[in-house]
>>> print(open('my_file21.cif').read())   # mmCIF, C-alpha atoms
data_work
#
loop_
_atom_site.group_PDB
_atom_site.id
_atom_site.type_symbol
_atom_site.label_atom_id
_atom_site.label_comp_id
_atom_site.auth_asym_id
_atom_site.auth_seq_id
_atom_site.Cartn_x
_atom_site.Cartn_y
_atom_site.Cartn_z
ATOM 1 C CA MET A 21 0.000 0.000 0.000
ATOM 2 C CA LYS A 22 2.766 2.368 0.931
ATOM 3 C CA THR A 23 4.546 1.452 -2.264
ATOM 4 C CA LEU A 24 1.437 2.289 -4.316
ATOM 5 C CA LEU A 25 1.031 5.655 -2.544
ATOM 6 C CA ARG A 26 4.683 6.480 -3.168
ATOM 7 C CA ALA A 27 4.274 5.610 -6.858
ATOM 8 C CA LEU A 28 1.150 7.808 -7.162
ATOM 9 C CA CYS A 29 2.887 10.704 -5.385
ATOM 10 C CA GLY A 30 5.896 10.399 -7.663
ATOM 11 C CA ALA A 31 3.681 10.347 -10.736
ATOM 12 C CA ALA A 32 1.803 13.451 -9.495
ATOM 13 C CA VAL A 33 5.062 15.328 -8.866
ATOM 14 C CA ALA A 34 6.395 14.380 -12.313
ATOM 15 C CA LEU A 35 3.163 15.516 -13.988
ATOM 16 C CA ALA A 36 3.241 18.811 -12.089
ATOM 17 C CA PHE A 37 6.863 19.401 -13.117
ATOM 18 C CA ILE A 38 6.084 18.659 -16.752
ATOM 19 C CA SER A 39 3.073 20.956 -16.755
ATOM 20 C CA TYR A 40 5.082 23.790 -15.126
ATOM 21 C CA SER A 41 8.027 23.526 -17.534
ATOM 22 C CA ALA A 42 5.895 23.451 -20.751
ATOM 23 C CA PRO A 43 5.015 26.865 -22.527
ATOM 24 C CA PRO A 44 1.705 28.286 -21.408
ATOM 25 C CA ALA A 45 0.321 28.567 -24.943
ATOM 26 C CA LEU A 46 1.097 24.968 -25.698
ATOM 27 C CA ALA A 47 -0.007 23.780 -22.281
ATOM 28 C CA GLN A 48 -3.349 25.606 -22.390
ATOM 29 C CA GLN A 49 -4.102 25.339 -26.140
ATOM 30 C CA PRO A 50 -6.841 22.846 -26.683
ATOM 31 C CA ALA A 51 -6.420 20.267 -29.337
ATOM 32 C CA VAL A 52 -8.463 21.301 -32.364
ATOM 33 C CA THR A 53 -8.909 19.126 -35.376
ATOM 34 C CA ALA A 54 -8.919 21.290 -38.443
ATOM 35 C CA SER A 55 -10.941 20.356 -41.450
ATOM 36 C CA PRO A 56 -9.303 20.220 -44.874
ATOM 37 C CA SER A 57 -11.126 23.446 -45.948
ATOM 38 C CA GLN A 58 -9.868 25.332 -42.898
ATOM 39 C CA ALA A 59 -6.297 24.125 -43.158
ATOM 40 C CA SER A 60 -3.713 26.879 -42.936
ATOM 41 C CA PRO A 61 -1.779 27.710 -46.127
ATOM 42 C CA PRO A 62 1.734 26.400 -46.454
ATOM 43 C CA ALA A 63 4.392 28.467 -44.812
ATOM 44 C CA SER A 64 6.042 31.036 -47.153
ATOM 45 C CA PRO A 65 9.814 30.956 -47.608
ATOM 46 C CA ALA A 66 11.934 33.026 -45.291
ATOM 47 C CA VAL A 67 12.123 36.718 -46.304
ATOM 48 C CA ALA A 68 14.825 39.134 -45.108
ATOM 49 C CA PRO A 69 13.438 41.889 -42.922
ATOM 50 C CA ALA A 70 12.997 45.199 -44.760
ATOM 51 C CA VAL A 71 15.181 48.152 -43.753
ATOM 52 C CA VAL A 72 12.955 50.834 -42.351
ATOM 53 C CA GLN A 73 14.195 54.390 -43.081
ATOM 54 C CA PRO A 74 13.452 57.287 -40.809
ATOM 55 C CA GLN A 75 10.440 59.332 -41.830
ATOM 56 C CA SER A 76 12.486 62.566 -42.098
ATOM 57 C CA ALA A 77 14.999 60.988 -44.497
ATOM 58 C CA VAL A 78 12.211 59.645 -46.703
ATOM 59 C CA THR A 79 10.549 63.065 -46.735
ATOM 60 C CA ASP A 80 13.802 64.840 -47.660
ATOM 61 C CA LEU A 81 14.553 62.386 -50.455
ATOM 62 C CA SER A 82 11.084 62.681 -51.912
ATOM 63 C CA THR A 83 11.238 66.465 -51.699
ATOM 64 C CA ASP A 84 14.656 66.587 -53.422
ATOM 65 C CA ALA A 85 13.430 64.190 -56.099
ATOM 66 C CA ASN A 86 10.364 66.321 -56.769
ATOM 67 C CA GLU A 87 12.452 69.505 -56.902
ATOM 68 C CA ALA A 88 15.015 67.916 -59.225
ATOM 69 C CA GLY A 89 12.268 66.867 -61.587
ATOM 70 C CA LYS A 90 10.905 70.379 -62.015
ATOM 71 C CA PRO A 91 12.097 72.343 -65.066
ATOM 72 C CA GLY A 92 13.304 75.355 -63.053
ATOM 73 C CA SER A 93 14.836 73.405 -60.196
ATOM 74 C CA ALA A 94 18.393 73.872 -58.999
ATOM 75 C CA GLY A 95 19.337 70.407 -60.159
ATOM 76 C CA LEU A 96 18.706 71.283 -63.808
ATOM 77 C CA ARG A 97 19.875 74.900 -63.533
ATOM 78 C CA GLU A 98 22.549 76.108 -65.915
ATOM 79 C CA PHE A 99 25.328 77.899 -64.025
ATOM 80 C CA SER A 100 26.602 80.341 -66.638
ATOM 81 C CA PRO A 101 27.707 83.929 -65.862
ATOM 82 C CA TRP A 102 24.638 85.321 -67.612
ATOM 83 C CA THR A 103 22.143 83.187 -65.687
ATOM 84 C CA MET A 104 23.919 83.945 -62.416
ATOM 85 C CA PHE A 105 23.755 87.658 -63.214
ATOM 86 C CA LEU A 106 20.021 87.437 -63.943
ATOM 87 C CA SER A 107 19.416 85.530 -60.699
ATOM 88 C CA ALA A 108 21.325 87.999 -58.494
ATOM 89 C CA ASN A 109 19.530 90.600 -56.412
ATOM 90 C CA ALA A 110 19.284 94.270 -57.365
ATOM 91 C CA VAL A 111 22.279 95.483 -55.335
ATOM 92 C CA VAL A 112 24.647 92.843 -56.703
ATOM 93 C CA LYS A 113 23.380 93.496 -60.238
ATOM 94 C CA ALA A 114 24.077 97.219 -59.866
ATOM 95 C CA ILE A 115 27.604 96.494 -58.617
ATOM 96 C CA MET A 116 28.281 94.105 -61.496
ATOM 97 C CA LEU A 117 27.035 96.639 -64.053
ATOM 98 C CA GLY A 118 29.194 99.343 -62.499
ATOM 99 C CA LEU A 119 32.280 97.115 -62.677
ATOM 100 C CA VAL A 120 31.573 96.221 -66.307
ATOM 101 C CA PHE A 121 31.208 99.926 -67.123
ATOM 102 C CA ALA A 122 34.522 100.646 -65.344
ATOM 103 C CA SER A 123 36.202 97.942 -67.404
ATOM 104 C CA LEU A 124 34.828 99.476 -70.607
ATOM 105 C CA VAL A 125 36.156 102.883 -69.527
ATOM 106 C CA THR A 126 39.582 101.348 -68.891
ATOM 107 C CA TRP A 127 39.810 99.778 -72.345
ATOM 108 C CA THR A 128 38.493 102.937 -74.018
ATOM 109 C CA ILE A 129 41.186 105.035 -72.341
ATOM 110 C CA PHE A 130 43.774 102.411 -73.261
ATOM 111 C CA ILE A 131 42.904 102.588 -76.965
ATOM 112 C CA ALA A 132 42.705 106.401 -76.993
ATOM 113 C CA LYS A 133 45.953 106.909 -75.048
ATOM 114 C CA THR A 134 47.794 104.365 -77.187
ATOM 115 C CA ILE A 135 46.874 106.259 -80.346
ATOM 116 C CA GLN A 136 47.653 109.630 -78.765
ATOM 117 C CA LEU A 137 51.056 108.669 -77.360
ATOM 118 C CA SER A 138 52.181 106.788 -80.453
ATOM 119 C CA ARG A 139 51.382 109.779 -82.685
ATOM 120 C CA ALA A 140 52.991 112.253 -80.254
ATOM 121 C CA GLN A 141 56.177 110.187 -79.995
ATOM 122 C CA LYS A 142 56.412 109.908 -83.775
ATOM 123 C CA LEU A 143 56.006 113.686 -84.226
ATOM 124 C CA VAL A 144 58.640 114.518 -81.610
ATOM 125 C CA LYS A 145 61.131 112.021 -83.031
ATOM 126 C CA ASP A 146 60.659 113.396 -86.555
ATOM 127 C CA ALA A 147 61.031 116.982 -85.277
ATOM 128 C CA LEU A 148 64.224 116.114 -83.397
ATOM 129 C CA ALA A 149 65.671 114.532 -86.524
ATOM 130 C CA ARG A 150 64.908 117.708 -88.517
ATOM 131 C CA ILE A 151 66.403 120.235 -86.094
ATOM 132 C CA SER A 152 69.413 118.214 -84.989
ATOM 133 C CA ASP A 153 71.646 119.767 -87.682
ATOM 134 C CA THR A 154 70.260 123.321 -87.649
ATOM 135 C CA ARG A 155 72.406 126.246 -86.490
ATOM 136 C CA SER A 156 69.817 128.841 -85.433
ATOM 137 C CA LEU A 157 66.252 129.198 -84.254
ATOM 138 C CA HIS A 158 65.200 130.537 -87.630
ATOM 139 C CA GLU A 159 66.601 127.508 -89.437
ATOM 140 C CA ALA A 160 64.865 125.219 -86.937
ATOM 141 C CA GLN A 161 61.530 126.967 -87.530
ATOM 142 C CA VAL A 162 61.958 126.586 -91.280
ATOM 143 C CA ALA A 163 62.845 122.908 -90.878
ATOM 144 C CA LEU A 164 59.788 122.176 -88.708
ATOM 145 C CA GLY A 165 57.380 124.188 -90.838
ATOM 146 C CA SER A 166 53.928 125.102 -89.642
ATOM 147 C CA LYS A 167 52.958 121.628 -88.399
ATOM 148 C CA PRO A 168 51.992 122.093 -84.734
ATOM 149 C CA ASN A 169 53.787 120.025 -82.102
ATOM 150 C CA VAL A 170 55.465 120.580 -78.771
ATOM 151 C CA LEU A 171 58.848 121.419 -80.312
ATOM 152 C CA THR A 172 57.208 124.102 -82.459
ATOM 153 C CA ALA A 173 55.789 125.621 -79.268
ATOM 154 C CA LEU A 174 59.249 125.583 -77.674
ATOM 155 C CA LEU A 175 60.789 127.297 -80.713
ATOM 156 C CA THR A 176 58.049 129.938 -80.717
ATOM 157 C CA ALA A 177 58.597 130.623 -77.015
ATOM 158 C CA ALA A 178 62.355 131.074 -77.534
ATOM 159 C CA SER A 179 61.846 133.452 -80.494
ATOM 160 C CA GLN A 180 59.294 135.494 -78.565
ATOM 161 C CA GLU A 181 61.630 135.836 -75.599
ATOM 162 C CA ILE A 182 64.460 137.101 -77.836
ATOM 163 C CA ARG A 183 62.139 139.618 -79.461
ATOM 164 C CA MET A 184 60.700 140.807 -76.146
ATOM 165 C CA SER A 185 64.183 141.144 -74.606
ATOM 166 C CA ALA A 186 65.839 142.880 -77.562
ATOM 167 C CA ASP A 187 66.559 145.987 -75.522
ATOM 168 C CA SER A 188 68.206 143.956 -72.759
ATOM 169 C CA GLY A 189 71.896 143.283 -72.973
ATOM 170 C CA VAL A 190 71.974 140.533 -70.302
ATOM 171 C CA GLU A 191 72.118 137.119 -71.970
ATOM 172 C CA GLU A 192 71.709 135.128 -68.758
ATOM 173 C CA GLY A 193 68.386 136.794 -68.057
ATOM 174 C CA ILE A 194 67.100 135.893 -71.516
ATOM 175 C CA LYS A 195 68.161 132.251 -71.046
ATOM 176 C CA GLU A 196 66.489 132.033 -67.650
ATOM 177 C CA ARG A 197 63.235 133.478 -68.933
ATOM 178 C CA ALA A 198 63.311 131.150 -71.936
ATOM 179 C CA ALA A 199 63.984 128.161 -69.633
ATOM 180 C CA SER A 200 60.981 129.206 -67.532
ATOM 181 C CA ARG A 201 58.815 129.204 -70.641
ATOM 182 C CA PHE A 202 60.149 125.778 -71.604
ATOM 183 C CA THR A 203 59.266 124.401 -68.170
ATOM 184 C CA GLU A 204 55.693 125.634 -68.448
ATOM 185 C CA ILE A 205 55.277 124.130 -71.920
ATOM 186 C CA VAL A 206 56.704 120.760 -70.816
ATOM 187 C CA ARG A 207 54.440 120.753 -67.733
ATOM 188 C CA MET A 208 51.375 121.448 -69.854
ATOM 189 C CA GLU A 209 52.335 118.664 -72.256
ATOM 190 C CA ALA A 210 52.852 116.234 -69.362
ATOM 191 C CA ARG A 211 49.401 117.103 -68.022
ATOM 192 C CA ALA A 212 47.902 116.479 -71.460
ATOM 193 C CA VAL A 213 49.506 113.069 -71.944
ATOM 194 C CA ARG A 214 48.618 111.963 -68.401
ATOM 195 C CA TYR A 215 44.973 112.884 -68.788
ATOM 196 C CA GLY A 216 42.840 109.819 -68.016
ATOM 197 C CA MET A 217 45.526 107.899 -66.161
ATOM 198 C CA ALA A 218 44.091 108.918 -62.791
ATOM 199 C CA ILE A 219 40.814 107.239 -63.768
ATOM 200 C CA ILE A 220 42.641 104.009 -64.622
ATOM 201 C CA ALA A 221 44.540 104.144 -61.322
ATOM 202 C CA THR A 222 41.294 104.642 -59.400
ATOM 203 C CA ILE A 223 39.638 101.692 -61.144
ATOM 204 C CA GLY A 224 42.626 99.453 -60.503
ATOM 205 C CA ALA A 225 42.698 100.356 -56.817
ATOM 206 C CA THR A 226 38.970 100.225 -55.997
ATOM 207 C CA ALA A 227 37.456 97.595 -58.326
ATOM 208 C CA PRO A 228 38.474 94.577 -56.161
ATOM 209 C CA PHE A 229 36.928 96.147 -53.062
ATOM 210 C CA VAL A 230 33.731 97.034 -54.913
ATOM 211 C CA GLY A 231 33.475 93.426 -56.127
ATOM 212 C CA LEU A 232 34.128 92.173 -52.594
ATOM 213 C CA PHE A 233 31.316 94.392 -51.319
ATOM 214 C CA GLY A 234 28.979 92.797 -53.877
ATOM 215 C CA THR A 235 30.092 89.333 -52.751
ATOM 216 C CA VAL A 236 29.475 90.099 -49.080
ATOM 217 C CA TRP A 237 26.058 91.529 -49.860
ATOM 218 C CA GLY A 238 25.126 88.519 -52.009
ATOM 219 C CA ILE A 239 26.217 86.021 -49.354
ATOM 220 C CA MET A 240 24.222 87.887 -46.710
ATOM 221 C CA ASP A 241 21.159 87.743 -48.954
ATOM 222 C CA SER A 242 21.746 84.020 -49.564
ATOM 223 C CA PHE A 243 21.915 83.255 -45.851
ATOM 224 C CA ILE A 244 18.717 85.207 -45.273
ATOM 225 C CA GLY A 245 17.033 83.122 -47.976
ATOM 226 C CA ILE A 246 18.350 79.906 -46.391
ATOM 227 C CA SER A 247 16.967 80.991 -43.023
ATOM 228 C CA ASN A 248 13.570 81.713 -44.514
ATOM 229 C CA ALA A 249 13.498 78.390 -46.401
ATOM 230 C CA HIS A 250 14.421 76.421 -43.228
ATOM 231 C CA THR A 251 16.795 74.186 -45.132
ATOM 232 C CA SER A 252 20.527 73.767 -45.541
ATOM 233 C CA ASN A 253 20.378 71.742 -48.737
ATOM 234 C CA LEU A 254 23.438 72.390 -50.943
ATOM 235 C CA ALA A 255 21.229 72.802 -54.011
ATOM 236 C CA VAL A 256 19.594 75.771 -52.278
ATOM 237 C CA VAL A 257 22.785 77.290 -50.848
ATOM 238 C CA ALA A 258 25.134 76.971 -53.839
ATOM 239 C CA PRO A 259 23.391 79.242 -56.409
ATOM 240 C CA GLY A 260 23.314 82.293 -54.143
ATOM 241 C CA ILE A 261 26.956 81.912 -53.141
ATOM 242 C CA ALA A 262 27.998 81.428 -56.782
ATOM 243 C CA GLU A 263 26.133 84.597 -57.784
ATOM 244 C CA ALA A 264 27.841 86.511 -54.983
ATOM 245 C CA LEU A 265 31.313 85.286 -55.960
ATOM 246 C CA LEU A 266 30.666 86.412 -59.536
ATOM 247 C CA ALA A 267 30.866 90.026 -58.321
ATOM 248 C CA THR A 268 34.396 89.473 -57.006
ATOM 249 C CA ALA A 269 35.399 87.807 -60.277
ATOM 250 C CA ILE A 270 34.149 90.793 -62.285
ATOM 251 C CA GLY A 271 35.933 93.176 -59.909
ATOM 252 C CA LEU A 272 39.234 91.362 -60.441
ATOM 253 C CA ALA A 273 38.638 91.260 -64.198
ATOM 254 C CA ALA A 274 38.255 95.046 -64.141
ATOM 255 C CA ALA A 275 41.142 95.777 -61.744
ATOM 256 C CA ILE A 276 43.946 93.588 -63.109
ATOM 257 C CA PRO A 277 43.962 95.077 -66.662
ATOM 258 C CA ALA A 278 43.635 98.581 -65.193
ATOM 259 C CA VAL A 279 46.787 98.141 -63.079
ATOM 260 C CA ILE A 280 48.734 96.682 -66.012
ATOM 261 C CA ILE A 281 47.588 99.466 -68.360
ATOM 262 C CA TYR A 282 48.465 102.161 -65.813
ATOM 263 C CA ASN A 283 52.005 100.808 -65.385
ATOM 264 C CA HIS A 284 52.407 100.575 -69.157
ATOM 265 C CA PHE A 285 51.338 104.169 -69.702
ATOM 266 C CA SER A 286 53.594 105.359 -66.880
ATOM 267 C CA ARG A 287 56.607 103.935 -68.730
ATOM 268 C CA VAL A 288 55.479 105.280 -72.123
ATOM 269 C CA THR A 289 54.748 108.738 -70.707
ATOM 270 C CA LYS A 290 58.134 108.867 -69.029
ATOM 271 C CA SER A 291 59.938 108.068 -72.287
ATOM 272 C CA TYR A 292 57.830 110.651 -74.140
ATOM 273 C CA LEU A 293 58.660 113.373 -71.623
ATOM 274 C CA GLU A 294 62.327 112.462 -71.942
ATOM 275 C CA LEU A 295 62.055 113.076 -75.694
ATOM 276 C CA ILE A 296 60.522 116.501 -75.015
ATOM 277 C CA GLY A 297 63.348 117.241 -72.579
ATOM 278 C CA ARG A 298 65.844 116.438 -75.299
ATOM 279 C CA GLY A 299 63.998 118.804 -77.654
ATOM 280 C CA ALA A 300 64.027 121.564 -75.056
ATOM 281 C CA GLY A 301 67.768 121.068 -74.632
ATOM 282 C CA VAL A 302 68.349 121.310 -78.397
ATOM 283 C CA ILE A 303 66.297 124.523 -78.654
ATOM 284 C CA GLY A 304 68.067 125.961 -75.602
ATOM 285 C CA ARG A 305 71.418 125.420 -77.317
ATOM 286 C CA LEU A 306 70.107 127.091 -80.477
ATOM 287 C CA LEU A 307 68.990 130.040 -78.366
ATOM 288 C CA SER A 308 72.410 130.272 -76.765
ATOM 289 C CA ARG A 309 74.100 130.275 -80.188
ATOM 290 C CA ASP A 310 71.811 133.049 -81.421
ATOM 291 C CA LEU A 311 72.580 135.108 -78.332
ATOM 292 C CA ASP A 312 76.306 134.591 -78.807
ATOM 293 C CA ARG A 313 76.060 135.699 -82.410
ATOM 294 C CA PHE A 314 74.035 138.740 -81.435
ATOM 295 C CA HIS A 315 76.556 139.617 -78.729
ATOM 296 C CA GLY A 316 79.429 139.178 -81.193
ATOM 297 C CA ARG A 317 77.833 141.503 -83.694
ATOM 298 C CA MET A 318 77.238 144.086 -80.991
ATOM 299 C CA VAL A 319 80.884 143.864 -79.890
ATOM 300 C CA SER A 320 82.146 144.180 -83.460
ATOM 301 C CA ARG A 321 79.962 147.196 -84.052
ATOM 302 C CA ALA A 322 81.226 148.780 -80.841
ATOM 303 C CA ALA A 323 84.804 148.111 -81.914
ATOM 304 C CA GLU A 324 84.237 149.859 -85.246
#
>>> encode(input="my_file21.cif", output="structure tokens")
Amino acid sequence: MKTLLRALCGAAVALAFISYSAPPALAQQPAVTASPSQASPPASPAVAPAVVQPQSAVTDLSTDANEAGKPGSAGLREFSPWTMFLSANAVVKAIMLGLVFASLVTWTIFIAKTIQLSRAQKLVKDALARISDTRSLHEAQVALGSKPNVLTALLTAASQEIRMSADSGVEEGIKERAASRFTEIVRMEARAVRYGMAIIATIGATAPFVGLFGTVWGIMDSFIGISNAHTSNLAVVAPGIAEALLATAIGLAAAIPAVIIYNHFSRVTKSYLELIGRGAGVIGRLLSRDLDRFHGRMVSRAAE
């Protein structure tokens, strides 16, 4: 009897252990016999889990795709200087137009001054070749003729000073007054040949800073537009910055030729003024010879 009770107790403990260790769903699920019509479909093959993207990334990608598909979107935009100029704001456009106008002024002055200086140098060189072998002011005037140039003005000034000082017997005073006239004529000629060079110097010195001002203004406007659009997409940021940098490029394109042209004209003007100085020296020597002859005649007459 005791053996039977022990066996029943052991069986009860084993059954309780089995029922405790089994999963609840399987332990409590009743056995249901499914009919053939209600049989579950065969299990599908294993499928890899799909990668779920964040909602914000999907929204940004769809927005960029829609914007890139539009005809006027930044993705299909042509970045040429003309289109960037048309897309710039009013202040940057005004600065660009001003720089282009300054560049046109620079090249206009370059063409005009090149023609002027080349012709003036040719006239002075020809005049120096004609009067190099003359012995008096009268011969020099005959050799030059009536063609106006700076050496003709110097000869006229020397002749007028001799005529106005005919009653003066002091040769040094006549030479000093003639030299003063020569200095005035050379100064006036230097002013004439340097006309317009100050404009070129101003353009060369200020054009880069004007272009930089346009760039700063354009970048400020671009950042304001980015703040209003609430986006930092590169397709939105890049066009405004490119338009702003175009102003600096135009400023450099206007300034660099202006500096080169100014230095070129400084050298050419210096050589031209040296030619005029040589002409003034030649005419001064002719004046001195005429004065010596006049003094010799006066001495010979006094001796007679």
>>> atom_distance(input="my_file21.cif", atom1="CA of Met104 (chain A)", atom2="CA of Ile280 (chain A)")
28.1 Å
>>> residues_around(input="my_file21.cif", residues="Glu196 (chain A)", least_positions_apart="3", cutoff="12 Å", atoms="all atoms listed in the file", output="list in words")
Ala178, Glu181, Ile182, Ser185, Val190, Glu191, Glu192, Gly193, Ala199, Ser200, Arg201, Phe202, Thr203, Gly304, Leu307 and Ser308 of chain A
>>> write_last_selection(input="my_file21.cif", atoms="C-alpha atoms", output="PDB file, keeping the file's coordinate frame")
ATOM      1  CA  ALA A 178      62.355 131.074 -77.534  1.00  0.00           C
ATOM      2  CA  GLU A 181      61.630 135.836 -75.599  1.00  0.00           C
ATOM      3  CA  ILE A 182      64.460 137.101 -77.836  1.00  0.00           C
ATOM      4  CA  SER A 185      64.183 141.144 -74.606  1.00  0.00           C
ATOM      5  CA  VAL A 190      71.974 140.533 -70.302  1.00  0.00           C
ATOM      6  CA  GLU A 191      72.118 137.119 -71.970  1.00  0.00           C
ATOM      7  CA  GLU A 192      71.709 135.128 -68.758  1.00  0.00           C
ATOM      8  CA  GLY A 193      68.386 136.794 -68.057  1.00  0.00           C
ATOM      9  CA  ALA A 199      63.984 128.161 -69.633  1.00  0.00           C
ATOM     10  CA  SER A 200      60.981 129.206 -67.532  1.00  0.00           C
ATOM     11  CA  ARG A 201      58.815 129.204 -70.641  1.00  0.00           C
ATOM     12  CA  PHE A 202      60.149 125.778 -71.604  1.00  0.00           C
ATOM     13  CA  THR A 203      59.266 124.401 -68.170  1.00  0.00           C
ATOM     14  CA  GLY A 304      68.067 125.961 -75.602  1.00  0.00           C
ATOM     15  CA  LEU A 307      68.990 130.040 -78.366  1.00  0.00           C
ATOM     16  CA  SER A 308      72.410 130.272 -76.765  1.00  0.00           C
TER      17      SER A 308
END
>>> atom_distance(input="my_file21.cif", atom1="CA of His158 (chain A)", atom2="CA of Ala198 (chain A)")
15.8 Å
>>> residues_around(input="my_file21.cif", residues="Asp146 (chain A)", least_positions_apart="2", cutoff="12 Å", atoms="only C-alpha atoms", output="short mmCIF file (atom, residue, chain, number, x, y, z; two decimals) with C-alpha atoms, in the coordinates of the input")
data_model
loop_
_atom_site.label_atom_id
_atom_site.label_comp_id
_atom_site.auth_asym_id
_atom_site.auth_seq_id
_atom_site.Cartn_x
_atom_site.Cartn_y
_atom_site.Cartn_z
CA ARG A 139 51.38 109.78 -82.68
CA ALA A 140 52.99 112.25 -80.25
CA GLN A 141 56.18 110.19 -80.00
CA LYS A 142 56.41 109.91 -83.78
CA LEU A 143 56.01 113.69 -84.23
CA VAL A 144 58.64 114.52 -81.61
CA LEU A 148 64.22 116.11 -83.40
CA ALA A 149 65.67 114.53 -86.52
CA ARG A 150 64.91 117.71 -88.52
CA ILE A 151 66.40 120.24 -86.09
CA SER A 152 69.41 118.21 -84.99
CA ALA A 163 62.84 122.91 -90.88
CA LEU A 164 59.79 122.18 -88.71
CA LYS A 167 52.96 121.63 -88.40
CA ASN A 169 53.79 120.02 -82.10
CA VAL A 170 55.46 120.58 -78.77
CA LEU A 171 58.85 121.42 -80.31
CA THR A 172 57.21 124.10 -82.46
CA LEU A 295 62.06 113.08 -75.69
CA ILE A 296 60.52 116.50 -75.02
CA GLY A 299 64.00 118.80 -77.65
#
>>> resolve_selection(input="my_file21.cif", expression="the PyMOL selection byres ((chain A and resi 156) around 9)", output="list in words")
Thr154, Arg155, Leu157, His158, Glu159, Ala160, Gln161, Ile303, Arg305, Leu306, Leu307, Arg309 and Asp310 of chain A
